[in-house]
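Let me begin by presenting the structure, written as C-alpha cells, before commenting on it.
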Protein chains: 4
Amino acid sequence: MPDRILRLQHVEVRVPDLELCTAYYTEVLGLIETARDVRDGVDRVFLKCWDEQEHHSVVLRQAPTYGLDHMSFKVADAADLDHFTDRLEAASVPVKRFAARELGPGWGAAIRFEAPSGHLVELVHGMERVGNMLPMTNPPPRPQDLVGIAPPRLDHVFVMAEDVEAFTAFFTELLEFRLTEQILANDGHQLATFLERSHTPHDVAVITGPNGGLHHFAFWMDDWNGIRDAADTLAYHGVQIDVAPTRHGVTRGYTTYFFDPVGNRNELFTGGYWVDPDFEPITWTEEEMGRAIFYYHREVNERFFTVHS
Amino acid sequence: MPDRILRLQHVEVRVPDLELCTAYYTEVLGLIETARDVRDGVDRVFLKCWDEQEHHSVVLRQAPTYGLDHMSFKVADAADLDHFTDRLEAASVPVKRFAARELGPGWGAAIRFEAPSGHLVELVHGMERVGNMLPMTNPPPRPQDLVGIAPPRLDHVFVMAEDVEAFTAFFTELLEFRLTEQILANDGHQLATFLERSHTPHDVAVITGPNGGLHHFAFWMDDWNGIRDAADTLAYHGVQIDVAPTRHGVTRGYTTYFFDPVGNRNELFTGGYWVDPDFEPITWTEEEMGRAIFYYHREVNERFFTVHS
Amino acid sequence: MPDRILRLQHVEVRVPDLELCTAYYTEVLGLIETARDVRDGVDRVFLKCWDEQEHHSVVLRQAPTYGLDHMSFKVADAADLDHFTDRLEAASVPVKRFAARELGPGWGAAIRFEAPSGHLVELVHGMERVGNMLPMTNPPPRPQDLVGIAPPRLDHVFVMAEDVEAFTAFFTELLEFRLTEQILANDGHQLATFLERSHTPHDVAVITGPNGGLHHFAFWMDDWNGIRDAADTLAYHGVQIDVAPTRHGVTRGYTTYFFDPVGNRNELFTGGYWVDPDFEPITWTEEEMGRAIFYYHREVNERFFTVHS
Amino acid sequence: MPDRILRLQHVEVRVPDLELCTAYYTEVLGLIETARDVRDGVDRVFLKCWDEQEHHSVVLRQAPTYGLDHMSFKVADAADLDHFTDRLEAASVPVKRFAARELGPGWGAAIRFEAPSGHLVELVHGMERVGNMLPMTNPPPRPQDLVGIAPPRLDHVFVMAEDVEAFTAFFTELLEFRLTEQILANDGHQLATFLERSHTPHDVAVITGPNGGLHHFAFWMDDWNGIRDAADTLAYHGVQIDVAPTRHGVTRGYTTYFFDPVGNRNELFTGGYWVDPDFEPITWTEEEMGRAIFYYHREVNERFFTVHS
C-alpha cells in the first residue's frame, strides 16, 4: 500500500497585523520564528513548533483579511508529486508545479491545486530540515528554554465547505485520504467529515460552511494537563478563549479553542486513537452533533458555526 | 486561637424522587449508602463518601421540591455547642438543641438556628464514626471496588442570599468563619463571599440571590485528571453537565458543575491553596466577575445566576 | 513509498500456568478473552485490548517455561506477504506460509521466519475483525465497564539478541523497519536499537542479551496519570513492580515495568513523538545508557539486564 | 479546642557552599530570595516559595557540614509562645525567648528549645508578611514569570531520632501535635511516626536514625503531573534524583526525592488526605515498611536509611 501523503506539513494563514500576530505566535503560543521573507510584495513570517524538524509549519502572511491562504501536506517521495499531478490532471484538476525554494525560504518542491471547496491545497517534498531544538546525541526530552505554550507540533486543519461530500470525495479519491468519522444529516448527507493519512483521527477535517473557510488549525499537546496549563497561559495573556478545555466526541480528543489576535481560531488538541488503513469509519447522527463536537456539554456554542475565517 | 468549627459535615438536600436520586448518588457519583430512615413521616437516605469517617455527609430527604434542607458543620468539642449557643442567643438568634441520634441514625449532638438569609444551619458533634473503607493497618491508598466517580469527601456548600453582607457577618462574627475572597459591586457592597474554617479557600460561600437558595454543593476530587474522568462518567450516564471542566479565578480551583436528577447542582472541585488564620482576603471587582467565576471563559453562563434551588 | 508493515499485531508468550496468567491478564491488566483453543496438544488463550479491532493481540501459550513464542506484525495488503517472502528467500531466509485460520482462531494468512537472533517472526494479514468495544454510531470515548488497568492497545515488543547489529540489519534491510534511536558502545557497535513502522519511536526494540530472549512487551496508556493509576492497581493486586512510573530518555516515553505471574515482563508505555520516514536517528552513548533507559535515575537496576525470558 | 501551632513555618539548613546552594534553590527549585544577612559572623540567605505570605520558609546557613540547623512552626497567637513556654518549662525543658527581628530579617518573636532527639525546635509568631507574588485584586492563579520547579509552599520536615517514641511523645504531649500514622516494629515500638497540626498527613515526621539527623524537607506540589515535570527539570539540570516520582503508602502521597548540591535531601510532595483532630492513627507493620514508604516498589533503597544529614 503506497504511503505518499504523510501528514499536514504547514498552514499559511492571512493576518492583517503581521507584527502583532508574530508576537502572539512566538511569545504566547511559543512557536519559533525561522525566517522572514518578502516575495511579490507580500511580507511573511515563518514559524515552527519546537519538535518539528522542518523549516516551518505555520506561515503568517500579511493580508487585508484573516483566513487560510493554503494548507500543505508532506509527501514521502519526490515521485509522489508526479503521481498526484497525474491523478489530479486525469480528473481535470489544474496543477501548478514549483521548484524547491521557489515558494519561500526553506520550502520544498511542491504542487498546488484547488479543492472543490475553493481551498488552495499544496503537496510538498524536500522541505529544508532545520532540526528540532534538541541535540542528536543524548538529548533531554524537551528543551528547557521554551516560552509560552510551546506545543511540539502542528496537528491538523479544519476547514469549511458548502459541499462537504465533494470535498471528502476529492480528498479520499484523489489524494488517498481515509475517512475516520463523519457527522450525517438526517437525510444521510455528510455534514462534517474527518480524514487522515497519519494513522490519527484526522489530518484535515471539513464541516458545512462557506467555501474557502477556515474553522481552525490545531497544535498537538502531550496531555490533558498540558491543555489546562495552556489555558492558564492564554487567560493570563488575555487571549480570547472560545472553548475552555473539554473533550470531543469525534476523535475522543481533548481540546481548547481560542483566537489569534486577528481572529483565526487556534486549537490545542491531544488524545485520539490509532487508525489502521482498514479502519471502519464512525458515524455520528445529526441529533448527536452536539455530543460529537463537545462531548461534555452536548451542545455547540453559536460561535462554533458562525465565527470562522 | 480556638478551633471550634472544623469543616462542613454534611448537607441535607430535598429530592422529589428519592429512589432515582439514591441511584444517581450511589451509582454515578459513587457515594455509599449507610442508612435509610423514616422520621416524622419523611423518608431519608444517608450517604457518605468513601474516605469520610463519619456516618453521613449527604442526606437525601423526600420532599415536594428540590433544594437545601440544611447545612451542618462539625465542631471539635462537645463544649463548642454551648459556646455557639451562648454567642447566638446573645445575638438574639434562637437556637434549638438536639441529643445524639435524635435527628437521625448516626447523628451527633447538634444545635440548629437560622442564618439571616433563612438558611437552616446546624453545628454537630459526636457523629457516629463508621470508618473510611480502608483497613487501619497497612491500608492501600484507595479501595479498588468503588463505582462511579467516587469522590473521597464532601468539600463545601454554596448558597444564595438577598443580603450577602448580612450572611457574611453572621458567619464571620458569630460562627468565627474567616473571609478568603469576595466579589465587590462597583458601589463596594459584597456580591459574593467565600468563607472558611478548614484552611482551604471555602467551606461555605454565598452569592446574591433569593434567600434560602442552594447554588450547589461540592465534592473534593484529587486532581484535574480526576475531574475530567468524572466528566466522562457523567456524560456516559447522560447527566446534564452545566459547566465542563474548567478553572475558577476565585479559589484558583478546578471544577465541573452538573445537576442531580431533580435539579440540585453538584460540583466536583479540586485545587485551591492553604489559608492561615491571618490570611488577607482577595477582592474581585464587578467587572471581573466573569473571570472570578470561570477563569478561562471570563463570562458566566446565564444558568449560573438563574438556575438554583 | 510502500507502507507494508503497519505495526505490531500480537505477541504469543509462553506461560507455565495458563489459568493463573489468564486471570492476571484479564482481571488485573484488563484484557478481554476472545477465544480458547487447543491445537497440536497445546492450550492457548486469546486476548485483546479493548480498543483493538482484531481478534487478538496477546496469545498465552501453555508451555514448561516462560518467554516469547513469536512476535507478529500486521501488513497492509495480502500481497505484502508475497513481497516479504521474496525478499527473505532472496536473502536465504526460509519462510513458511500459513492460510487464514490455520494458526488459530481469528488468525489471518501469515508467513513465519526466524530472525538472526533466533526469534520467530510472523507477518500477518486478514485477522478476523471483532471490533473494539464501542458502537459504530455515536460512541462514547471509552467503555464504562472495563476492569483492571485496561490499556487500549498493544504497543511494542522489546527483545534480546547476542548480535544487536545483525538483528537491526535484518529488520531494517529486509523488513523495511526504520531506526529511530540507538545506544552505541564506546567502540561504536550497537548495544540497543529501536525500530519502527508506525511513525512512533518503536514497534520493536532489541538490546544485547541472550538470543531469543524477551525483555518485555508493552501496552499503550493514554497518559502519565493512567500509568500511575495502573501502578496503584498493580500494587493493590500484589503484582511485582519492577520499575515504578518513570521516564525513558530513549523515546521520551513514560513507563512502568512489572511481571506477569510467571515472570514475563510487561510494560505500560505512553508519550513519545511522531516519526517521519526521513527521521534522523538519535544516538545515546554508552556512558549515558543509564539516562537513556531511566531518565530520572540515570542508572539501570540490575534486574533490567539480568531478568528476562 | 485550641489551635496554636498551625503548620511548619521554615527550616534552616546548613550548607557548606552558600552560593552554589542559593543558585540551586532559586534557579532549579525556583524559590525566591528575600534577604541576605550576616549575624554573629554567619552568612545566611533567606528564601520563600512563591505562594507563601511570610518573609521566608527556607534559610540557608553557611556551615562546615550540611544538615538541619532548626525547624520552626508558626503559632496563631503571640500568647501561644507563653503557653508553650509554660508547658515546656513545666516539663523541665529549657526555653529561650527571642524578640521579633532578633533572629534575622523578617523573623517573628520566637521561642526555641531542644527535642529529646537533640533537634533544635522553634515556635514563631509575627513573621514579616511580604505577600505572595500575586495582586490582592483580581489575581491570576499563578505568576507567569516563575523559574524552575517553583513549588507554591513548604510542606513538612522529616527527621531522624534514636528514640522515635520519645520524640513522638514530646511532639504530641508538649506541642499538641497529633499522630496520623506510625510504623511499628514487631515488638511494638515505633520505628517511624507522622505528626500533624495542619489537618494534613504530616507537618513533621521522624524515623529511627541518628539523633539530630535530617532525612529531608518537602515542598508541596499541586499534582502528580507537577511532580513529573519537576523530575524533568531536575534531570535536565543534572540534579541527583534519589527516588523518581512514586507513591508513598504512608500519607498516600506522591513524591520524588533528590539532593541539593551539598547533600541535603529535598522532596516534592502532593496528595494525602484531610485529618480531623479525632483522626484514628493508621498503623504499618514492620513487614510492610517497604510498602509503607514506597508503595509501588515495596522495598526501600539502601540510601533511604543510610544517607541523611
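Following the order of the C-alpha cells, first chain is A, next is B, and so on, with residues numbered from 1 inside each chain and ligands from 1 in the order they appear.
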Once you count only C-alpha atoms, what closest atom pair and distance in Å to one decimal does each residue of chain D within 9 Å of chain B have, with rows by chain and rising residue number, as JSON lines?
{"residue": "D:Met1", "atom": "CA", "partner": "B:Asp3", "partner_atom": "CA", "distance": 5.3}
{"residue": "D:Pro2", "atom": "CA", "partner": "B:Pro2", "partner_atom": "CA", "distance": 4.5}
{"residue": "D:Asp3", "atom": "CA", "partner": "B:Asp3", "partner_atom": "CA", "distance": 5.2}
{"residue": "D:Arg4", "atom": "CA", "partner": "B:Met1", "partner_atom": "CA", "distance": 6.1}
{"residue": "D:Leu6", "atom": "CA", "partner": "B:Asp276", "partner_atom": "CA", "distance": 7.5}
{"residue": "D:Arg7", "atom": "CA", "partner": "B:Asp276", "partner_atom": "CA", "distance": 8.9}
{"residue": "D:Asp51", "atom": "CA", "partner": "B:Tyr273", "partner_atom": "CA", "distance": 8.5}
{"residue": "D:Gln53", "atom": "CA", "partner": "B:Phe279", "partner_atom": "CA", "distance": 8.4}
{"residue": "D:Ala76", "atom": "CA", "partner": "B:Met1", "partner_atom": "CA", "distance": 6.3}
{"residue": "D:Asp77", "atom": "CA", "partner": "B:Met1", "partner_atom": "CA", "distance": 6.6}
{"residue": "D:Asp80", "atom": "CA", "partner": "B:Met1", "partner_atom": "CA", "distance": 8.4}
{"residue": "D:Pro135", "atom": "CA", "partner": "B:Ile282", "partner_atom": "CA", "distance": 8.4}
{"residue": "D:Met136", "atom": "CA", "partner": "B:Ile282", "partner_atom": "CA", "distance": 5.1}
{"residue": "D:Thr137", "atom": "CA", "partner": "B:Thr283", "partner_atom": "CA", "distance": 4.8}
{"residue": "D:Asn138", "atom": "CA", "partner": "B:Trp284", "partner_atom": "CA", "distance": 4.9}
{"residue": "D:Pro139", "atom": "CA", "partner": "B:Gly249", "partner_atom": "CA", "distance": 7.5}
{"residue": "D:Pro140", "atom": "CA", "partner": "B:Gly249", "partner_atom": "CA", "distance": 6.8}
{"residue": "D:Pro141", "atom": "CA", "partner": "B:Arg252", "partner_atom": "CA", "distance": 5.2}
{"residue": "D:Arg142", "atom": "CA", "partner": "B:Arg252", "partner_atom": "CA", "distance": 8.6}
{"residue": "D:Pro152", "atom": "CA", "partner": "B:Tyr273", "partner_atom": "CA", "distance": 8.8}
{"residue": "D:Arg153", "atom": "CA", "partner": "B:Trp274", "partner_atom": "CA", "distance": 9.0}
{"residue": "D:Ser198", "atom": "CA", "partner": "B:His199", "partner_atom": "CA", "distance": 8.2}
{"residue": "D:His199", "atom": "CA", "partner": "B:Ser198", "partner_atom": "CA", "distance": 8.2}
{"residue": "D:Asp222", "atom": "CA", "partner": "B:Gly271", "partner_atom": "CA", "distance": 7.3}
{"residue": "D:Asp223", "atom": "CA", "partner": "B:Asp223", "partner_atom": "CA", "distance": 6.5}
{"residue": "D:Trp224", "atom": "CA", "partner": "B:Asp223", "partner_atom": "CA", "distance": 8.4}
{"residue": "D:His248", "atom": "CA", "partner": "B:Pro141", "partner_atom": "CA", "distance": 8.7}
{"residue": "D:Gly249", "atom": "CA", "partner": "B:Pro141", "partner_atom": "CA", "distance": 6.6}
{"residue": "D:Val250", "atom": "CA", "partner": "B:Pro141", "partner_atom": "CA", "distance": 8.5}
{"residue": "D:Thr251", "atom": "CA", "partner": "B:Pro141", "partner_atom": "CA", "distance": 8.3}
{"residue": "D:Arg252", "atom": "CA", "partner": "B:Pro141", "partner_atom": "CA", "distance": 5.2}
{"residue": "D:Gly253", "atom": "CA", "partner": "B:Pro141", "partner_atom": "CA", "distance": 8.6}
{"residue": "D:Gly271", "atom": "CA", "partner": "B:Asp222", "partner_atom": "CA", "distance": 7.2}
{"residue": "D:Tyr273", "atom": "CA", "partner": "B:Asp51", "partner_atom": "CA", "distance": 8.5}
{"residue": "D:Trp274", "atom": "CA", "partner": "B:Arg153", "partner_atom": "CA", "distance": 8.9}
{"residue": "D:Asp276", "atom": "CA", "partner": "B:Leu6", "partner_atom": "CA", "distance": 7.5}
{"residue": "D:Pro277", "atom": "CA", "partner": "B:Ala76", "partner_atom": "CA", "distance": 7.2}
{"residue": "D:Asp278", "atom": "CA", "partner": "B:Ala76", "partner_atom": "CA", "distance": 8.1}
{"residue": "D:Phe279", "atom": "CA", "partner": "B:Gln53", "partner_atom": "CA", "distance": 8.4}
{"residue": "D:Glu280", "atom": "CA", "partner": "B:Met136", "partner_atom": "CA", "distance": 8.3}
{"residue": "D:Pro281", "atom": "CA", "partner": "B:Met136", "partner_atom": "CA", "distance": 7.6}
{"residue": "D:Ile282", "atom": "CA", "partner": "B:Met136", "partner_atom": "CA", "distance": 5.1}
{"residue": "D:Thr283", "atom": "CA", "partner": "B:Thr137", "partner_atom": "CA", "distance": 4.8}
{"residue": "D:Trp284", "atom": "CA", "partner": "B:Asn138", "partner_atom": "CA", "distance": 4.9}
{"residue": "D:Thr285", "atom": "CA", "partner": "B:Asn138", "partner_atom": "CA", "distance": 6.9}
{"residue": "D:Glu288", "atom": "CA", "partner": "B:Asn138", "partner_atom": "CA", "distance": 7.0}
{"residue": "D:Met289", "atom": "CA", "partner": "B:Asn138", "partner_atom": "CA", "distance": 8.9}
{"residue": "D:Arg291", "atom": "CA", "partner": "B:Asn138", "partner_atom": "CA", "distance": 8.2}
{"residue": "D:Ala292", "atom": "CA", "partner": "B:Asn138", "partner_atom": "CA", "distance": 7.2}
{"residue": "D:Tyr295", "atom": "CA", "partner": "B:Pro140", "partner_atom": "CA", "distance": 8.4}
For the residues in that selection, give me C-alpha atoms as a PDB file, in the first residue's frame.
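As written to disk, part26.pdb reads:
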ATOM      1  CA  MET D   1     -10.068  23.097  71.073  1.00  0.00           C
ATOM      2  CA  PRO D   2      -7.026  25.358  70.950  1.00  0.00           C
ATOM      3  CA  ASP D   3      -5.402  25.717  67.537  1.00  0.00           C
ATOM      4  CA  ARG D   4      -1.955  27.016  68.431  1.00  0.00           C
ATOM      5  CA  LEU D   6      -0.655  25.972  62.598  1.00  0.00           C
ATOM      6  CA  ARG D   7       1.989  24.436  60.369  1.00  0.00           C
ATOM      7  CA  ASP D  51       2.639  31.403  47.243  1.00  0.00           C
ATOM      8  CA  GLN D  53       2.933  35.174  52.510  1.00  0.00           C
ATOM      9  CA  ALA D  76      -1.573  31.515  65.680  1.00  0.00           C
ATOM     10  CA  ASP D  77      -1.282  33.989  68.547  1.00  0.00           C
ATOM     11  CA  ASP D  80       0.818  30.806  72.280  1.00  0.00           C
ATOM     12  CA  PRO D 135      -2.032  41.072  43.401  1.00  0.00           C
ATOM     13  CA  MET D 136      -4.719  41.267  46.091  1.00  0.00           C
ATOM     14  CA  THR D 137      -7.304  42.268  43.486  1.00  0.00           C
ATOM     15  CA  ASN D 138      -8.314  40.073  40.538  1.00  0.00           C
ATOM     16  CA  PRO D 139      -5.255  37.819  40.783  1.00  0.00           C
ATOM     17  CA  PRO D 140      -4.339  35.199  38.180  1.00  0.00           C
ATOM     18  CA  PRO D 141      -3.958  31.706  39.660  1.00  0.00           C
ATOM     19  CA  ARG D 142      -0.174  31.710  39.345  1.00  0.00           C
ATOM     20  CA  PRO D 152       3.924  27.023  45.970  1.00  0.00           C
ATOM     21  CA  ARG D 153       4.945  26.293  49.578  1.00  0.00           C
ATOM     22  CA  SER D 198      -2.362  21.356  59.659  1.00  0.00           C
ATOM     23  CA  HIS D 199      -5.040  18.687  59.085  1.00  0.00           C
ATOM     24  CA  ASP D 222      -0.134  20.712  43.023  1.00  0.00           C
ATOM     25  CA  ASP D 223      -0.392  17.277  41.452  1.00  0.00           C
ATOM     26  CA  TRP D 224       1.283  14.169  40.093  1.00  0.00           C
ATOM     27  CA  HIS D 248       4.045   6.533  49.471  1.00  0.00           C
ATOM     28  CA  GLY D 249       1.865   4.041  51.315  1.00  0.00           C
ATOM     29  CA  VAL D 250       2.042   6.259  54.392  1.00  0.00           C
ATOM     30  CA  THR D 251       0.191   9.532  53.621  1.00  0.00           C
ATOM     31  CA  ARG D 252      -0.922   8.095  50.237  1.00  0.00           C
ATOM     32  CA  GLY D 253       1.136  10.960  48.857  1.00  0.00           C
ATOM     33  CA  GLY D 271      -1.699  14.180  47.706  1.00  0.00           C
ATOM     34  CA  TYR D 273      -5.962  13.390  52.900  1.00  0.00           C
ATOM     35  CA  TRP D 274      -7.852  15.605  55.353  1.00  0.00           C
ATOM     36  CA  ASP D 276      -9.772  15.830  61.706  1.00  0.00           C
ATOM     37  CA  PRO D 277      -8.460  16.170  65.274  1.00  0.00           C
ATOM     38  CA  ASP D 278     -10.252  12.926  66.133  1.00  0.00           C
ATOM     39  CA  PHE D 279      -8.463  11.018  63.379  1.00  0.00           C
ATOM     40  CA  GLU D 280      -7.599   7.475  64.384  1.00  0.00           C
ATOM     41  CA  PRO D 281      -3.953   6.752  63.541  1.00  0.00           C
ATOM     42  CA  ILE D 282      -3.038   4.264  60.829  1.00  0.00           C
ATOM     43  CA  THR D 283      -0.503   1.575  61.679  1.00  0.00           C
ATOM     44  CA  TRP D 284       2.012  -0.076  59.361  1.00  0.00           C
ATOM     45  CA  THR D 285       3.754  -3.262  60.373  1.00  0.00           C
ATOM     46  CA  GLU D 288       5.178  -3.808  55.286  1.00  0.00           C
ATOM     47  CA  MET D 289       7.637  -0.991  55.877  1.00  0.00           C
ATOM     48  CA  ARG D 291       5.191  -0.667  51.025  1.00  0.00           C
ATOM     49  CA  ALA D 292       4.613   1.992  53.674  1.00  0.00           C
ATOM     50  CA  TYR D 295       4.060   1.805  47.766  1.00  0.00           C
TER      51      TYR D 295
END
Which residues are near Asp145 in chain D? Cut-off 12 Å, only C-alpha atoms, ignore same chain within fewer than 4 positions. Put them as a count of residues only. 11
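Inside range 86-173 of chain A, the residues DSSP reads as strand (DSSP E or B) when given the backbone are A:Lys96, A:Arg97, A:Phe98, A:Ala109, A:Ala110, A:Ile111, A:Arg112, A:Phe113, A:Glu114, A:Leu120, A:Val121, A:Glu122, A:Leu123, A:Val124, A:His125, A:Arg129, A:Thr137, A:Arg153, A:Leu154, A:Asp155, A:His156, A:Val157, A:Phe158, A:Val159, A:Met160, A:Ala161.
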Non-local contacts of range 96-113 of chain C (6 Å; only C-alpha atoms; under 3 positions in same chain excluded) as a tab-separated table (two decimals) with N, CA and C atoms, in the first residue's frame:
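Written output follows (around_39.tsv):
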chain	number	residue	atom	x	y	z
C	55	HIS	N	-8.97	-9.78	16.37
C	55	HIS	CA	-9.31	-10.89	17.26
C	55	HIS	C	-8.39	-11.04	18.47
C	120	LEU	N	11.33	-16.09	16.47
C	120	LEU	CA	10.35	-16.41	15.44
C	120	LEU	C	9.52	-15.15	15.16
C	121	VAL	N	9.51	-14.76	13.88
C	121	VAL	CA	8.80	-13.54	13.48
C	121	VAL	C	7.69	-13.91	12.51
C	122	GLU	N	6.56	-13.26	12.67
C	122	GLU	CA	5.42	-13.51	11.78
C	122	GLU	C	4.95	-12.19	11.18
C	123	LEU	N	4.52	-12.28	9.91
C	123	LEU	CA	3.78	-11.16	9.30
C	123	LEU	C	2.39	-11.70	9.00
C	124	VAL	N	1.38	-10.90	9.25
C	124	VAL	CA	0.01	-11.43	9.16
C	124	VAL	C	-0.90	-10.44	8.44
C	125	HIS	N	-1.84	-10.99	7.72
C	125	HIS	CA	-2.83	-10.15	7.03
C	125	HIS	C	-4.20	-10.82	7.12
C	126	GLY	N	-5.21	-9.98	7.34
C	126	GLY	CA	-6.56	-10.51	7.31
C	126	GLY	C	-7.01	-11.16	8.61
C	127	MET	N	-6.49	-10.63	9.72
C	127	MET	CA	-7.00	-11.08	11.02
C	127	MET	C	-8.52	-10.86	11.06
C	128	GLU	N	-9.20	-11.73	11.75
C	128	GLU	CA	-10.63	-11.53	11.96
C	128	GLU	C	-10.85	-10.24	12.73
I'd like the neighbourhood of Thr168 in chain C as a list in words, where a residue qualifies if any of its atoms comes within 8 Å (using only C-alpha atoms), though same-chain residues fewer than 5 positions away should be ignored.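 So the residues in contact are Thr193, Leu195 and Val206 of chain C.
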Give me a file of those residues, with all heavy atoms, as a JSON list (two decimals), in the first residue's frame.
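What follows is the written file again.json:
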[["chain", "number", "residue", "atom", "x", "y", "z"],
["C", 193, "THR", "N", 18.91, -1.07, 19.87],
["C", 193, "THR", "CA", 18.32, -0.26, 18.80],
["C", 193, "THR", "C", 16.80, -0.27, 18.93],
["C", 193, "THR", "O", 16.20, -1.18, 19.49],
["C", 193, "THR", "CB", 18.71, -0.78, 17.40],
["C", 193, "THR", "OG1", 18.23, -2.13, 17.26],
["C", 193, "THR", "CG2", 20.20, -0.73, 17.17],
["C", 195, "LEU", "N", 13.27, 0.41, 16.63],
["C", 195, "LEU", "CA", 12.87, 0.31, 15.23],
["C", 195, "LEU", "C", 11.38, 0.51, 15.10],
["C", 195, "LEU", "O", 10.61, -0.02, 15.91],
["C", 195, "LEU", "CB", 13.26, -1.08, 14.71],
["C", 195, "LEU", "CG", 14.73, -1.47, 14.94],
["C", 195, "LEU", "CD1", 14.94, -2.96, 14.70],
["C", 195, "LEU", "CD2", 15.65, -0.63, 14.06],
["C", 206, "VAL", "N", 15.57, -3.91, 20.54],
["C", 206, "VAL", "CA", 16.43, -5.03, 20.88],
["C", 206, "VAL", "C", 17.61, -4.52, 21.69],
["C", 206, "VAL", "O", 18.12, -3.43, 21.45],
["C", 206, "VAL", "CB", 16.90, -5.75, 19.59],
["C", 206, "VAL", "CG1", 17.67, -4.81, 18.69],
["C", 206, "VAL", "CG2", 17.73, -6.99, 19.92]]
Provide the CA of Phe84 in chain A to CA of Asp155 in chain A distance in Å, to one decimal place.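 Rounded to one decimal, the two atoms are 22.6 Å apart.
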Got a sec: who's within 12 Å of range 35-37 of chain C, counting only C-alpha atoms, leaving out chain neighbours fewer than 3 positions off, as a count of residues only? 28
Skipping near chain neighbours, those fewer than 6 positions away, what residues fall within 12 Å of Ala205 in chain B using only C-alpha atoms, listed as a ChimeraX atom specification? /B:8,71,155-161,164-165,167-168,171-172,177-183,190-197,213-218,250-251
Preceding selection exported with N, CA and C atoms as a short mmCIF file (atom, residue, chain, number, x, y, z; two decimals), in the first residue's frame:
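Writing done, so here's out-v9.cif:
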data_model
loop_
_atom_site.label_atom_id
_atom_site.label_comp_id
_atom_site.auth_asym_id
_atom_site.auth_seq_id
_atom_site.Cartn_x
_atom_site.Cartn_y
_atom_site.Cartn_z
N LEU B 8 -17.21 21.54 56.88
CA LEU B 8 -18.57 21.14 56.54
C LEU B 8 -18.73 19.65 56.86
N MET B 71 -27.51 22.89 56.19
CA MET B 71 -26.08 22.58 56.12
C MET B 71 -25.60 22.38 57.55
N ASP B 155 -16.82 18.73 50.11
CA ASP B 155 -15.90 19.85 50.26
C ASP B 155 -16.55 21.14 50.77
N HIS B 156 -17.56 21.64 50.08
CA HIS B 156 -18.16 22.91 50.51
C HIS B 156 -19.59 23.03 50.00
N VAL B 157 -20.27 24.06 50.49
CA VAL B 157 -21.63 24.35 50.04
C VAL B 157 -21.69 25.82 49.63
N PHE B 158 -22.44 26.09 48.59
CA PHE B 158 -22.51 27.44 48.02
C PHE B 158 -23.99 27.80 47.97
N VAL B 159 -24.35 28.86 48.67
CA VAL B 159 -25.76 29.21 48.79
C VAL B 159 -26.04 30.61 48.26
N MET B 160 -27.30 31.00 48.27
CA MET B 160 -27.70 32.31 47.77
C MET B 160 -28.41 33.08 48.88
N ALA B 161 -28.21 34.39 48.89
CA ALA B 161 -28.85 35.23 49.91
C ALA B 161 -29.11 36.60 49.32
N VAL B 164 -25.96 39.51 51.05
CA VAL B 164 -24.71 38.77 51.20
C VAL B 164 -23.92 39.28 52.40
N GLU B 165 -23.98 40.57 52.62
CA GLU B 165 -23.20 41.13 53.72
C GLU B 165 -23.71 40.68 55.08
N PHE B 167 -25.30 37.84 55.66
CA PHE B 167 -24.93 36.43 55.75
C PHE B 167 -23.46 36.31 56.17
N THR B 168 -22.63 37.10 55.52
CA THR B 168 -21.19 37.04 55.77
C THR B 168 -20.87 37.46 57.20
N PHE B 171 -21.76 34.70 59.63
CA PHE B 171 -20.80 33.59 59.64
C PHE B 171 -19.45 33.98 60.21
N THR B 172 -19.03 35.20 59.96
CA THR B 172 -17.70 35.58 60.46
C THR B 172 -17.77 36.01 61.92
N PHE B 177 -16.14 32.13 61.20
CA PHE B 177 -15.58 31.84 59.87
C PHE B 177 -14.66 32.98 59.47
N ARG B 178 -13.78 32.71 58.50
CA ARG B 178 -12.83 33.72 58.01
C ARG B 178 -13.09 33.96 56.53
N LEU B 179 -13.05 35.20 56.13
CA LEU B 179 -13.27 35.60 54.74
C LEU B 179 -11.99 35.37 53.95
N THR B 180 -12.10 34.63 52.84
CA THR B 180 -10.91 34.44 51.99
C THR B 180 -10.98 35.27 50.71
N GLU B 181 -12.17 35.33 50.11
CA GLU B 181 -12.30 36.10 48.89
C GLU B 181 -13.68 36.73 48.85
N GLN B 182 -13.79 37.81 48.08
CA GLN B 182 -15.08 38.47 47.93
C GLN B 182 -15.16 39.10 46.55
N ILE B 183 -16.37 39.12 46.01
CA ILE B 183 -16.62 39.86 44.77
C ILE B 183 -17.41 41.09 45.16
N GLN B 190 -20.78 43.70 48.97
CA GLN B 190 -20.38 42.33 48.62
C GLN B 190 -21.44 41.63 47.76
N LEU B 191 -21.04 41.18 46.59
CA LEU B 191 -21.92 40.39 45.73
C LEU B 191 -21.80 38.90 46.05
N ALA B 192 -20.62 38.52 46.47
CA ALA B 192 -20.38 37.12 46.82
C ALA B 192 -19.22 37.08 47.80
N THR B 193 -19.26 36.12 48.73
CA THR B 193 -18.14 35.95 49.65
C THR B 193 -17.85 34.46 49.82
N PHE B 194 -16.61 34.21 50.22
CA PHE B 194 -16.10 32.85 50.39
C PHE B 194 -15.49 32.74 51.78
N LEU B 195 -15.96 31.78 52.54
CA LEU B 195 -15.68 31.72 53.97
C LEU B 195 -15.14 30.35 54.34
N GLU B 196 -14.16 30.34 55.24
CA GLU B 196 -13.54 29.05 55.56
C GLU B 196 -13.29 28.86 57.04
N ARG B 197 -13.22 27.59 57.42
CA ARG B 197 -12.73 27.17 58.73
C ARG B 197 -11.64 26.10 58.59
N GLY B 213 -31.69 29.98 49.07
CA GLY B 213 -31.33 29.27 47.83
C GLY B 213 -30.06 28.44 47.99
N LEU B 214 -30.07 27.32 47.27
CA LEU B 214 -28.87 26.48 47.18
C LEU B 214 -28.31 26.65 45.77
N HIS B 215 -27.08 27.12 45.67
CA HIS B 215 -26.47 27.16 44.35
C HIS B 215 -25.89 25.80 44.00
N HIS B 216 -25.07 25.27 44.89
CA HIS B 216 -24.54 23.92 44.65
C HIS B 216 -23.85 23.43 45.92
N PHE B 217 -23.60 22.15 45.99
CA PHE B 217 -22.64 21.62 46.98
C PHE B 217 -21.61 20.82 46.22
N ALA B 218 -20.41 20.78 46.80
CA ALA B 218 -19.25 20.30 46.04
C ALA B 218 -18.53 19.18 46.77
N VAL B 250 -11.64 32.82 41.46
CA VAL B 250 -11.78 32.68 42.91
C VAL B 250 -11.38 31.26 43.30
N THR B 251 -10.61 31.10 44.30
CA THR B 251 -10.13 29.82 44.85
C THR B 251 -9.04 29.18 43.99
#
